[in-house]
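J.: Quick one: the structure is below, and I'll ask about it shortly.
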Amino acid sequence: MDKDIQERLGRIVAGYMVPHPPLIVPAVGKGSEVQVADTIAAYGEVARRIAALDPDTIIITSPHATMYADYFHISPGRGARGSFAQFGAGQVRFDEKYDGELRDLICAECDAAGIAAGTLGEIDPALDHGTMVPLYFIRQELPSCRILRIGLSGQPLTEHYKLGVKIRRAVEALGRRAVFVASGDLSHKLQDYGPYGFAPEGPVYDERLMDVMSRAAFGELLEFDETLCEKAAECGHRSFVIMAGAFDGYAVEPEVFVHQDVTGVGYGIASFMPGEKDSSRHFLDQYLRKMEEQRSAARANEDPYVALARRSVESYIMDRKKLRVAGEELPAELTQTQAGAFVSIHEFGKLRGCIGTILPCCDSLAEEIIDNAVSASTRDPRFEPVTADELPYLEINVDVLTEPERIGSPDELDVRRYGVIVTSGAKRGLLLPDLDGVDTVEQQISIAMQKGGIRPDEDYVLDRFEVVRHT
């Protein structure tokens with residue numbers, strides 16, 4: 001295709017990974033910004049390159065825009081204003097116009113594809129600092145062009161990648177020349193003296209992330225463990241994954257400008273220039289095939305408890321039929337004993353449903369597992385019901401509980417060995433043992449209290465229990 005014609009067609013002409021620390025704005029930093037001078041210089045270069053591309057629209061994904069656990073929020077209206085007033089620099093202001101036509105088409109594309117995204121539920125219409133910091137530098141070189149502001153969500157990384165694909169398709173359909181700015185800091189736990197302290201996972205995350213981005217190996221972004229991301233306290237990973245989806249199926253030329261961690265927070269800046277179509281770079285398709293193969297292999301080695309829970313989920317989701325114990329070949333330990341049991345469902349490393357019973361409610365443990373598997377997949381109030389399309393990717397665990405015993409002190413707990421039940425009057429909260437991210441008894445009790453709606457100033461009693469975990 002003639003290059004001049006190609007340039008006139010709609011496409012995302014470049015992508016940039018950038019951080020958003022307000023301190024790099026001189027009116028906010030008041031001199032302290034000199035410690036990240038390399039980051040500021042790289043930001044200036046990015047702004048000049050964006051201006052040279054002369055885009056119609058700048059798409060900005062920000063961790064600090066409106067965010068929901070199960071929904072991508074895309075800013076509504078004709079535009080928005082903002083300032084750095086909360087950082088002591090109210091004189092630095094922005095008045096931005098949105099690309100409403102592009103936004104509406106993205107929403108329509110997502111709706112047709114079953115991606116939970118749209119303009120509903122805006123919490124604060126003002127521009128957030130994750131959006132304004134990039135704009136501070138860009139507007140010095142490119143005074144005006146429309147923007148589109150998109151928030152992240154608590155959904156799996158796969159959904160973020162899918163959103164990126166839909167963004168690109170809408171850009172192409174409308175004939176826009178767009179630049180994608182993925183706003184996000186890296187780990188917030190890189191130095192003891194930093195505002196968030198140090199965690200060993202912080203440097204691990206930053207090193208791995210910068211390596212991935214230096215190679216534009218976007219498929220590897222989908223393979224970051226949720227626990228690593230959480231313990232590293234990163235904020236931009238999902239932003240970067242959306243940008244990766246926007247380049248799905250295209251060759252990309254990466255260039256890393258800088259990575260700094262002198263403040264205890266990782267700041268990385270890189271550019272990504274798309275080339276020709278490349279069928280080897282459909283990373284989401286590759287990842288889903290890999291996950292399906294892994295789950296299929298795991299199912300071949302499931303113990304009877306997990307296999308029963310999986311068959312129960314599949315039967316109910318596919319046929320709306322509840323399994324009957326009489327129709328199953330099960331070991332006596334499942335049919336001739338009673339116990340409380342929890343069924344936990346994960347998808348792509350994120351919890352998808354968890355329902356259980358503290359004490360037995362059914363005539364057998366098998367029935368307990370069948371009932372709780374159906375409830376975990378369809379009745380957990382925190383999630384939408386599992387769909388048939390999700391079944392190949394589900395990871396299911398079964399925890400069988402011992403009878404709870406009353407204890408007199410938190411000293412009798414061990415987060416790896418015991419689960420805890422916190423009871424205050426009619427209110428009760430439970431937390432299973434040996435959970436990722438729960439490292440202390442204090443955390444364990446606090447989370448259980450939150451789950452039970454128990455305030456810190458209320459009297460409560462503690463029970464502990466053990467579990468046999470089946471995976």
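The way I read the labels, and the way they are meant: chains A, B, ... in the order of the structure tokens, residue 1 as the first residue of every chain, and ligand 1 as the first ligand shown, with later ones counted on from there.
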Listing only residues of stretch 23-73 of chain A within 12 Å of stretch 158-172 of chain A, what is the closest atom pair and its distance in Å (to one decimal) for each, using only C-alpha atoms, sorted by chain and residue number ascending, as a tab-separated table?
T.:
residue	atom	partner	partner_atom	distance
A:Pro55	CA	A:Val171	CA	11.5
A:Asp56	CA	A:Val171	CA	10.2
A:Thr57	CA	A:Val171	CA	9.2
A:Ile58	CA	A:Val171	CA	10.9
A:Ile59	CA	A:Ile167	CA	9.1
A:Ile60	CA	A:Ile167	CA	11.3
A:Thr61	CA	A:Gly164	CA	10.1
A:Ala69	CA	A:Glu159	CA	11.8
A:Asp70	CA	A:Glu159	CA	10.0
A:Tyr71	CA	A:Glu159	CA	9.9
A:Phe72	CA	A:Leu163	CA	8.6
A:His73	CA	A:Leu163	CA	11.3
J.: Generate the output file for the selected residues, all heavy atoms, as a CSV table (one decimal), in the first residue's frame.
T.:
chain,number,residue,atom,x,y,z
A,55,PRO,N,-1.7,13.8,15.8
A,55,PRO,CA,-2.8,12.9,15.9
A,55,PRO,C,-4.1,13.7,15.9
A,55,PRO,O,-4.2,14.8,16.4
A,55,PRO,CB,-2.6,12.2,17.2
A,55,PRO,CG,-1.8,13.2,18.0
A,55,PRO,CD,-0.9,13.9,17.0
A,56,ASP,N,-5.2,13.0,15.5
A,56,ASP,CA,-6.6,13.6,15.7
A,56,ASP,C,-7.0,13.4,17.2
A,56,ASP,O,-7.7,14.3,17.7
A,56,ASP,CB,-7.6,12.8,14.8
A,56,ASP,CG,-7.2,12.9,13.4
A,56,ASP,OD1,-6.9,14.0,12.9
A,56,ASP,OD2,-7.3,11.9,12.7
A,57,THR,N,-6.6,12.3,17.8
A,57,THR,CA,-7.1,12.0,19.1
A,57,THR,C,-5.9,11.3,19.9
A,57,THR,O,-5.2,10.5,19.4
A,57,THR,CB,-8.2,11.0,19.1
A,57,THR,OG1,-9.3,11.6,18.3
A,57,THR,CG2,-8.8,10.7,20.5
A,58,ILE,N,-5.8,11.7,21.2
A,58,ILE,CA,-4.9,11.0,22.1
A,58,ILE,C,-5.8,10.2,23.1
A,58,ILE,O,-6.6,10.7,23.8
A,58,ILE,CB,-4.1,12.0,22.9
A,58,ILE,CG1,-3.2,12.8,22.0
A,58,ILE,CG2,-3.2,11.3,24.0
A,58,ILE,CD1,-2.4,13.9,22.6
A,59,ILE,N,-5.6,8.9,23.1
A,59,ILE,CA,-6.3,7.9,23.9
A,59,ILE,C,-5.4,7.7,25.2
A,59,ILE,O,-4.3,7.3,25.1
A,59,ILE,CB,-6.5,6.6,23.2
A,59,ILE,CG1,-7.4,6.8,22.0
A,59,ILE,CG2,-7.2,5.6,24.2
A,59,ILE,CD1,-7.3,5.6,21.0
A,60,ILE,N,-6.0,8.0,26.4
A,60,ILE,CA,-5.2,7.9,27.6
A,60,ILE,C,-5.9,6.9,28.5
A,60,ILE,O,-7.1,7.1,28.9
A,60,ILE,CB,-5.1,9.2,28.3
A,60,ILE,CG1,-4.4,10.3,27.4
A,60,ILE,CG2,-4.3,9.1,29.6
A,60,ILE,CD1,-4.3,11.6,28.0
A,61,THR,N,-5.2,5.8,28.9
A,61,THR,CA,-5.8,4.9,29.9
A,61,THR,C,-5.1,5.2,31.2
A,61,THR,O,-3.9,5.3,31.3
A,61,THR,CB,-5.5,3.4,29.5
A,61,THR,OG1,-4.1,3.3,29.2
A,61,THR,CG2,-6.3,3.0,28.4
A,69,ALA,N,-14.8,-2.8,39.7
A,69,ALA,CA,-14.3,-4.1,39.7
A,69,ALA,C,-14.7,-4.9,38.5
A,69,ALA,O,-13.9,-5.7,38.0
A,69,ALA,CB,-14.7,-4.9,41.0
A,70,ASP,N,-15.8,-4.5,37.9
A,70,ASP,CA,-16.4,-5.4,36.9
A,70,ASP,C,-16.8,-4.6,35.6
A,70,ASP,O,-17.7,-5.0,34.9
A,70,ASP,CB,-17.6,-6.1,37.4
A,70,ASP,CG,-18.7,-5.2,38.0
A,70,ASP,OD1,-18.5,-4.0,38.1
A,70,ASP,OD2,-19.8,-5.7,38.4
A,71,TYR,N,-16.2,-3.4,35.4
A,71,TYR,CA,-16.7,-2.5,34.4
A,71,TYR,C,-15.6,-1.5,34.0
A,71,TYR,O,-14.9,-0.9,34.9
A,71,TYR,CB,-17.9,-1.8,34.9
A,71,TYR,CG,-18.6,-0.8,34.0
A,71,TYR,CD1,-19.5,-1.3,33.0
A,71,TYR,CD2,-18.5,0.6,34.1
A,71,TYR,CE1,-20.2,-0.4,32.1
A,71,TYR,CE2,-19.2,1.4,33.3
A,71,TYR,CZ,-20.0,0.9,32.3
A,71,TYR,OH,-20.7,1.8,31.5
A,72,PHE,N,-15.4,-1.3,32.7
A,72,PHE,CA,-14.5,-0.3,32.2
A,72,PHE,C,-15.2,1.0,32.0
A,72,PHE,O,-16.2,1.1,31.2
A,72,PHE,CB,-13.8,-0.7,30.9
A,72,PHE,CG,-12.9,-1.9,31.0
A,72,PHE,CD1,-13.4,-3.1,30.5
A,72,PHE,CD2,-11.7,-1.8,31.5
A,72,PHE,CE1,-12.5,-4.2,30.5
A,72,PHE,CE2,-10.9,-2.9,31.6
A,72,PHE,CZ,-11.3,-4.1,31.1
A,73,HIS,N,-14.8,2.1,32.7
A,73,HIS,CA,-15.5,3.4,32.6
A,73,HIS,C,-14.8,4.2,31.6
A,73,HIS,O,-13.6,4.5,31.7
A,73,HIS,CB,-15.5,4.1,33.9
A,73,HIS,CG,-16.3,5.4,33.9
A,73,HIS,ND1,-15.8,6.6,33.6
A,73,HIS,CD2,-17.7,5.6,34.0
A,73,HIS,CE1,-16.7,7.5,33.6
A,73,HIS,NE2,-17.9,6.9,33.8
J.: What lies within 9 Å of stretch 33-43 of chain A using only C-alpha atoms, ignoring chain neighbours under 5 positions off, as a VMD selection string?
T.: chain A and resid 18 to 19 23 to 26 28 48 134 137 to 138 257 to 263 267 to 270
J.: Near A:Tyr136, within 9 Å and counting only C-alpha atoms, which residues show up once chain neighbours fewer than 2 positions away are dropped, as a list in words?
T.: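 What passes the distance filter is Val25, Val92, Arg93, Phe94, Thr131, Met132, Val133, Pro134, Ile138, Arg139 and Gln140 of chain A.
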J.: Using only C-alpha atoms, which of A:Pro410, A:Ser344, A:Lys290, A:Lys427 sits nearest A:Asp380?
T.: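 Using only C-alpha atoms, the shortest distance to A:Asp380 belongs to A:Ser344.
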J.: Need to verify the contact set: A:Leu432, 9 Å, only C-alpha atoms, exclusion of same-chain residues closer than 3 positions in sequence. Can you return it as a list of chain:residue names?
T.: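 With the cut-off at 9 Å, the set is A:Phe342, A:Asp399, A:Val415, A:Tyr418, A:Gly419, A:Val420, A:Ile421, A:Leu435, A:Gln444, A:Phe465, A:Glu466, A:Val467.
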J.: Find the spatial neighbours of A:Ser187, counting only C-alpha atoms, within a cut-off of 9 Å - ignore same-chain residues fewer than 4 positions away - and output them as a CSV table (one decimal) with all heavy atoms, in the first residue's frame.
T.:
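Output file around.csv is given in full below:
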chain,number,residue,atom,x,y,z
A,201,GLU,N,9.2,-8.2,46.0
A,201,GLU,CA,8.5,-8.3,44.7
A,201,GLU,C,8.6,-7.1,43.9
A,201,GLU,O,8.4,-7.1,42.6
A,201,GLU,CB,7.1,-8.7,44.9
A,201,GLU,CG,6.8,-10.0,45.6
A,201,GLU,CD,7.0,-10.1,47.1
A,201,GLU,OE1,7.2,-9.0,47.7
A,201,GLU,OE2,6.8,-11.2,47.7
A,202,GLY,N,8.9,-5.9,44.5
A,202,GLY,CA,9.0,-4.7,43.7
A,202,GLY,C,10.0,-4.7,42.6
A,202,GLY,O,9.7,-4.5,41.5
A,203,PRO,N,11.3,-4.9,43.0
A,203,PRO,CA,12.3,-4.9,41.9
A,203,PRO,C,12.1,-6.0,40.9
A,203,PRO,O,12.4,-5.9,39.8
A,203,PRO,CB,13.6,-5.1,42.7
A,203,PRO,CG,13.3,-4.6,44.1
A,203,PRO,CD,11.9,-4.9,44.3
A,205,TYR,N,9.2,-7.2,39.9
A,205,TYR,CA,8.2,-6.7,38.9
A,205,TYR,C,8.8,-5.8,37.9
A,205,TYR,O,8.6,-5.9,36.7
A,205,TYR,CB,7.0,-6.1,39.6
A,205,TYR,CG,6.1,-5.5,38.7
A,205,TYR,CD1,5.1,-6.3,38.1
A,205,TYR,CD2,6.1,-4.2,38.3
A,205,TYR,CE1,4.2,-5.8,37.1
A,205,TYR,CE2,5.3,-3.6,37.3
A,205,TYR,CZ,4.3,-4.4,36.8
A,205,TYR,OH,3.4,-3.9,35.8
A,206,ASP,N,9.5,-4.8,38.4
A,206,ASP,CA,10.1,-3.7,37.5
A,206,ASP,C,11.0,-4.3,36.5
A,206,ASP,O,11.0,-4.0,35.3
A,206,ASP,CB,10.8,-2.6,38.3
A,206,ASP,CG,9.8,-1.5,38.7
A,206,ASP,OD1,8.7,-1.8,39.0
A,206,ASP,OD2,10.3,-0.3,38.7
A,229,CYS,N,1.9,-8.9,41.2
A,229,CYS,CA,1.5,-7.5,40.9
A,229,CYS,C,1.0,-6.8,42.2
A,229,CYS,O,1.3,-5.6,42.4
A,229,CYS,CB,0.4,-7.5,39.8
A,229,CYS,SG,1.0,-8.0,38.2
A,231,LYS,N,1.7,-7.6,45.4
A,231,LYS,CA,2.8,-7.4,46.4
A,231,LYS,C,3.8,-6.3,46.0
A,231,LYS,O,4.4,-5.6,46.8
A,231,LYS,CB,3.5,-8.7,46.7
A,231,LYS,CG,2.6,-9.6,47.5
A,231,LYS,CD,3.3,-10.9,48.0
A,231,LYS,CE,2.5,-11.8,48.8
A,231,LYS,NZ,3.2,-13.0,49.3
A,232,ALA,N,3.9,-6.2,44.6
A,232,ALA,CA,4.8,-5.1,44.1
A,232,ALA,C,4.1,-3.7,44.2
A,232,ALA,O,4.8,-2.7,44.0
A,232,ALA,CB,5.2,-5.4,42.7
A,233,ALA,N,2.8,-3.7,44.4
A,233,ALA,CA,2.0,-2.5,44.4
A,233,ALA,C,2.2,-1.7,43.1
A,233,ALA,O,2.5,-0.5,43.2
A,233,ALA,CB,2.4,-1.6,45.7
A,234,GLU,N,2.1,-2.4,42.0
A,234,GLU,CA,2.1,-1.6,40.7
A,234,GLU,C,0.8,-1.0,40.5
A,234,GLU,O,-0.2,-1.4,41.0
A,234,GLU,CB,2.5,-2.6,39.6
A,234,GLU,CG,1.6,-3.8,39.4
A,234,GLU,CD,0.3,-3.5,38.7
A,234,GLU,OE1,0.2,-2.5,37.9
A,234,GLU,OE2,-0.7,-4.2,39.0
A,235,CYS,N,0.7,0.0,39.6
A,235,CYS,CA,-0.6,0.6,39.3
A,235,CYS,C,-0.8,0.6,37.8
A,235,CYS,O,-1.9,0.9,37.4
A,235,CYS,CB,-0.7,2.0,39.9
A,235,CYS,SG,0.0,3.3,39.0
A,236,GLY,N,0.2,0.4,36.9
A,236,GLY,CA,0.0,0.6,35.5
A,236,GLY,C,-0.2,-0.6,34.7
A,236,GLY,O,-0.4,-0.5,33.5
A,261,ASP,N,14.1,4.5,39.6
A,261,ASP,CA,13.4,4.1,40.9
A,261,ASP,C,14.0,4.8,42.1
A,261,ASP,O,13.9,4.3,43.2
A,261,ASP,CB,13.6,2.6,41.1
A,261,ASP,CG,15.1,2.2,41.3
A,261,ASP,OD1,15.9,3.0,41.2
A,261,ASP,OD2,15.3,1.0,41.5
A,264,GLY,N,11.6,5.4,45.1
A,264,GLY,CA,10.9,4.2,45.7
A,264,GLY,C,9.8,3.8,44.8
A,264,GLY,O,9.2,2.7,45.1
A,265,VAL,N,9.5,4.5,43.8
A,265,VAL,CA,8.4,4.2,42.8
A,265,VAL,C,9.1,4.0,41.4
A,265,VAL,O,9.9,4.9,41.1
A,265,VAL,CB,7.3,5.2,42.8
A,265,VAL,CG1,6.2,4.8,41.8
A,265,VAL,CG2,6.7,5.4,44.2
A,266,GLY,N,8.7,3.0,40.7
A,266,GLY,CA,9.3,2.8,39.4
A,266,GLY,C,8.6,3.7,38.3
A,266,GLY,O,7.4,3.7,38.2
A,267,TYR,N,9.4,4.4,37.5
A,267,TYR,CA,9.0,5.2,36.4
A,267,TYR,C,9.6,4.7,35.1
A,267,TYR,O,10.8,4.7,35.0
A,267,TYR,CB,9.3,6.7,36.6
A,267,TYR,CG,8.9,7.3,37.9
A,267,TYR,CD1,9.7,8.2,38.6
A,267,TYR,CD2,7.6,6.9,38.5
A,267,TYR,CE1,9.3,8.8,39.8
A,267,TYR,CE2,7.2,7.5,39.7
A,267,TYR,CZ,8.0,8.4,40.3
A,267,TYR,OH,7.6,9.0,41.5
J.: What lies within 8 Å of A:Val325 using only C-alpha atoms, ignoring chain neighbours under 2 positions off, as a PyMOL selection string?
T.: chain A and resi 323+327-328+335+366-367
J.: Of the candidates A:Ala51, A:Leu152, A:Ala307, A:Ala113, which one gets nearest to A:His64 if we count only C-alpha atoms?
T.: A:Leu152
J.: Atom CA of A:Pro76 and atom CA of A:Gly100, how far apart in Å?
T.: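 Distance between the two atoms: 7.7 Å.
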J.: How would you write, as a compact mmCIF listing (two decimals) with N, CA, C and O atoms, in the first residue's frame, the set of residues in stretch 239-315 of chain A that DSSP gives as helix (DSSP H, G or I)?
T.:
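The resulting file, selection-v7.txt, is reproduced below:
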# COMPACT_ATOMS: atom_id res chain seq x y z
N SER A 239 -3.14 -0.90 32.43
CA SER A 239 -3.07 0.15 31.41
C SER A 239 -2.19 -0.31 30.25
O SER A 239 -2.54 -0.14 29.07
N PHE A 240 -1.07 -0.93 30.57
CA PHE A 240 -0.16 -1.41 29.53
C PHE A 240 -0.79 -2.55 28.73
O PHE A 240 -0.56 -2.67 27.52
N VAL A 241 -1.59 -3.38 29.40
CA VAL A 241 -2.23 -4.50 28.71
C VAL A 241 -3.27 -3.99 27.71
O VAL A 241 -3.40 -4.55 26.61
N ILE A 242 -4.02 -2.95 28.06
CA ILE A 242 -4.98 -2.39 27.10
C ILE A 242 -4.24 -1.90 25.86
O ILE A 242 -4.67 -2.15 24.73
N MET A 243 -3.12 -1.19 26.08
CA MET A 243 -2.34 -0.73 24.94
C MET A 243 -1.84 -1.91 24.11
O MET A 243 -1.86 -1.86 22.87
N ALA A 244 -1.41 -2.98 24.76
CA ALA A 244 -0.96 -4.17 24.04
C ALA A 244 -2.06 -4.71 23.14
O ALA A 244 -1.82 -5.08 21.98
N GLY A 245 -3.28 -4.74 23.65
CA GLY A 245 -4.41 -5.21 22.86
C GLY A 245 -4.67 -4.34 21.64
O GLY A 245 -5.09 -4.82 20.59
N ALA A 246 -4.38 -3.04 21.78
CA ALA A 246 -4.58 -2.11 20.66
C ALA A 246 -3.62 -2.40 19.51
O ALA A 246 -3.86 -1.96 18.38
N SER A 279 0.76 -12.05 11.85
CA SER A 279 -0.15 -13.07 12.39
C SER A 279 0.41 -13.79 13.61
O SER A 279 -0.33 -14.46 14.33
N SER A 280 1.71 -13.66 13.86
CA SER A 280 2.31 -14.31 15.02
C SER A 280 2.10 -13.51 16.31
O SER A 280 2.50 -13.97 17.38
N ARG A 281 1.49 -12.34 16.20
CA ARG A 281 1.35 -11.48 17.37
C ARG A 281 -0.11 -11.32 17.83
O ARG A 281 -0.50 -10.29 18.35
N PHE A 283 -1.63 -12.26 20.55
CA PHE A 283 -1.19 -12.81 21.83
C PHE A 283 -2.33 -13.34 22.69
O PHE A 283 -2.14 -14.31 23.43
N LEU A 284 -3.50 -12.74 22.64
CA LEU A 284 -4.59 -13.23 23.46
C LEU A 284 -5.02 -14.62 23.00
O LEU A 284 -5.24 -15.51 23.83
N ASP A 285 -5.13 -14.82 21.70
CA ASP A 285 -5.49 -16.14 21.19
C ASP A 285 -4.48 -17.19 21.64
O ASP A 285 -4.86 -18.30 22.05
N GLN A 286 -3.20 -16.84 21.58
CA GLN A 286 -2.15 -17.77 22.00
C GLN A 286 -2.26 -18.09 23.49
O GLN A 286 -2.12 -19.24 23.91
N TYR A 287 -2.51 -17.06 24.28
CA TYR A 287 -2.62 -17.24 25.73
C TYR A 287 -3.81 -18.12 26.09
O TYR A 287 -3.71 -19.03 26.94
N LEU A 288 -4.96 -17.89 25.45
CA LEU A 288 -6.14 -18.67 25.76
C LEU A 288 -5.94 -20.14 25.37
O LEU A 288 -6.38 -21.04 26.11
N ARG A 289 -5.29 -20.39 24.25
CA ARG A 289 -5.00 -21.78 23.87
C ARG A 289 -4.10 -22.44 24.91
O ARG A 289 -4.30 -23.60 25.29
N LYS A 290 -3.10 -21.70 25.36
CA LYS A 290 -2.18 -22.23 26.37
C LYS A 290 -2.91 -22.54 27.67
O LYS A 290 -2.70 -23.61 28.27
N MET A 291 -3.77 -21.63 28.10
CA MET A 291 -4.51 -21.85 29.34
C MET A 291 -5.46 -23.03 29.22
O MET A 291 -5.61 -23.83 30.16
N GLU A 292 -6.10 -23.16 28.07
CA GLU A 292 -7.03 -24.28 27.88
C GLU A 292 -6.27 -25.61 27.92
O GLU A 292 -6.74 -26.59 28.51
N GLU A 293 -5.10 -25.64 27.32
CA GLU A 293 -4.28 -26.86 27.34
C GLU A 293 -3.84 -27.19 28.76
O GLU A 293 -3.86 -28.36 29.18
N GLN A 294 -3.45 -26.17 29.53
CA GLN A 294 -3.02 -26.41 30.91
C GLN A 294 -4.17 -26.91 31.77
O GLN A 294 -4.00 -27.83 32.57
N ARG A 295 -5.34 -26.30 31.61
CA ARG A 295 -6.49 -26.73 32.40
C ARG A 295 -6.92 -28.15 32.01
O ARG A 295 -7.32 -28.94 32.85
N SER A 296 -6.82 -28.44 30.71
CA SER A 296 -7.18 -29.79 30.26
C SER A 296 -6.24 -30.83 30.87
O SER A 296 -6.68 -31.89 31.33
N ALA A 297 -4.94 -30.52 30.90
CA ALA A 297 -3.97 -31.43 31.50
C ALA A 297 -4.22 -31.58 33.00
O ALA A 297 -4.10 -32.68 33.56
N ALA A 298 -4.56 -30.47 33.67
CA ALA A 298 -4.81 -30.51 35.11
C ALA A 298 -6.04 -31.36 35.42
O ALA A 298 -6.08 -32.09 36.42
N ARG A 299 -7.06 -31.26 34.57
CA ARG A 299 -8.29 -32.03 34.82
C ARG A 299 -8.03 -33.53 34.80
O ARG A 299 -8.70 -34.30 35.50
N PRO A 304 -10.92 -36.84 43.27
CA PRO A 304 -12.38 -37.00 43.16
C PRO A 304 -13.17 -35.79 43.67
O PRO A 304 -14.27 -35.52 43.17
N TYR A 305 -12.65 -35.07 44.64
CA TYR A 305 -13.35 -33.91 45.20
C TYR A 305 -13.46 -32.80 44.16
O TYR A 305 -14.55 -32.26 43.91
N VAL A 306 -12.33 -32.45 43.55
CA VAL A 306 -12.32 -31.38 42.55
C VAL A 306 -13.06 -31.82 41.29
O VAL A 306 -13.80 -31.03 40.68
N ALA A 307 -12.88 -33.06 40.88
CA ALA A 307 -13.57 -33.56 39.70
C ALA A 307 -15.09 -33.48 39.88
O ALA A 307 -15.82 -33.13 38.95
N LEU A 308 -15.56 -33.81 41.08
CA LEU A 308 -16.99 -33.72 41.36
C LEU A 308 -17.46 -32.27 41.29
O LEU A 308 -18.53 -31.98 40.71
N ALA A 309 -16.71 -31.36 41.87
CA ALA A 309 -17.08 -29.95 41.82
C ALA A 309 -17.12 -29.44 40.37
O ALA A 309 -18.04 -28.72 39.98
N ARG A 310 -16.14 -29.84 39.57
CA ARG A 310 -16.10 -29.39 38.18
C ARG A 310 -17.30 -29.94 37.39
O ARG A 310 -17.95 -29.21 36.64
N ARG A 311 -17.58 -31.24 37.56
CA ARG A 311 -18.72 -31.81 36.85
C ARG A 311 -20.02 -31.13 37.27
O ARG A 311 -20.92 -30.93 36.45
N SER A 312 -20.10 -30.77 38.53
CA SER A 312 -21.29 -30.08 39.02
C SER A 312 -21.44 -28.72 38.35
O SER A 312 -22.54 -28.36 37.90
N VAL A 313 -20.35 -27.97 38.27
CA VAL A 313 -20.39 -26.65 37.62
C VAL A 313 -20.76 -26.81 36.14
O VAL A 313 -21.64 -26.11 35.63
N GLU A 314 -20.10 -27.72 35.46
CA GLU A 314 -20.34 -27.88 34.03
C GLU A 314 -21.76 -28.34 33.74
O GLU A 314 -22.41 -27.85 32.80
N SER A 315 -22.27 -29.25 34.55
CA SER A 315 -23.64 -29.74 34.35
C SER A 315 -24.65 -28.62 34.53
O SER A 315 -25.59 -28.48 33.73
J.: Counting only C-alpha atoms, figure out which residue out of A:Tyr193, A:Phe218, A:Phe224, A:Tyr68 gets nearest to A:Gly121.
T.: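 Closest to A:Gly121 of all the choices is A:Tyr68.
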J.: Which residue gives the smallest distance to A:Leu135 among A:Val422, A:Cys362, A:Ala47, A:Leu401, with only C-alpha atoms counted?
T.: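 Looking at the shortest contact to A:Leu135, the residue is A:Ala47.
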J.: Between atom CA of A:Glu368 and atom CA of A:His470, measure the distance and give it in Å to one decimal.
T.: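 Atom CA of A:His470 lies at a distance of 14.4 Å from atom CA of A:Glu368.
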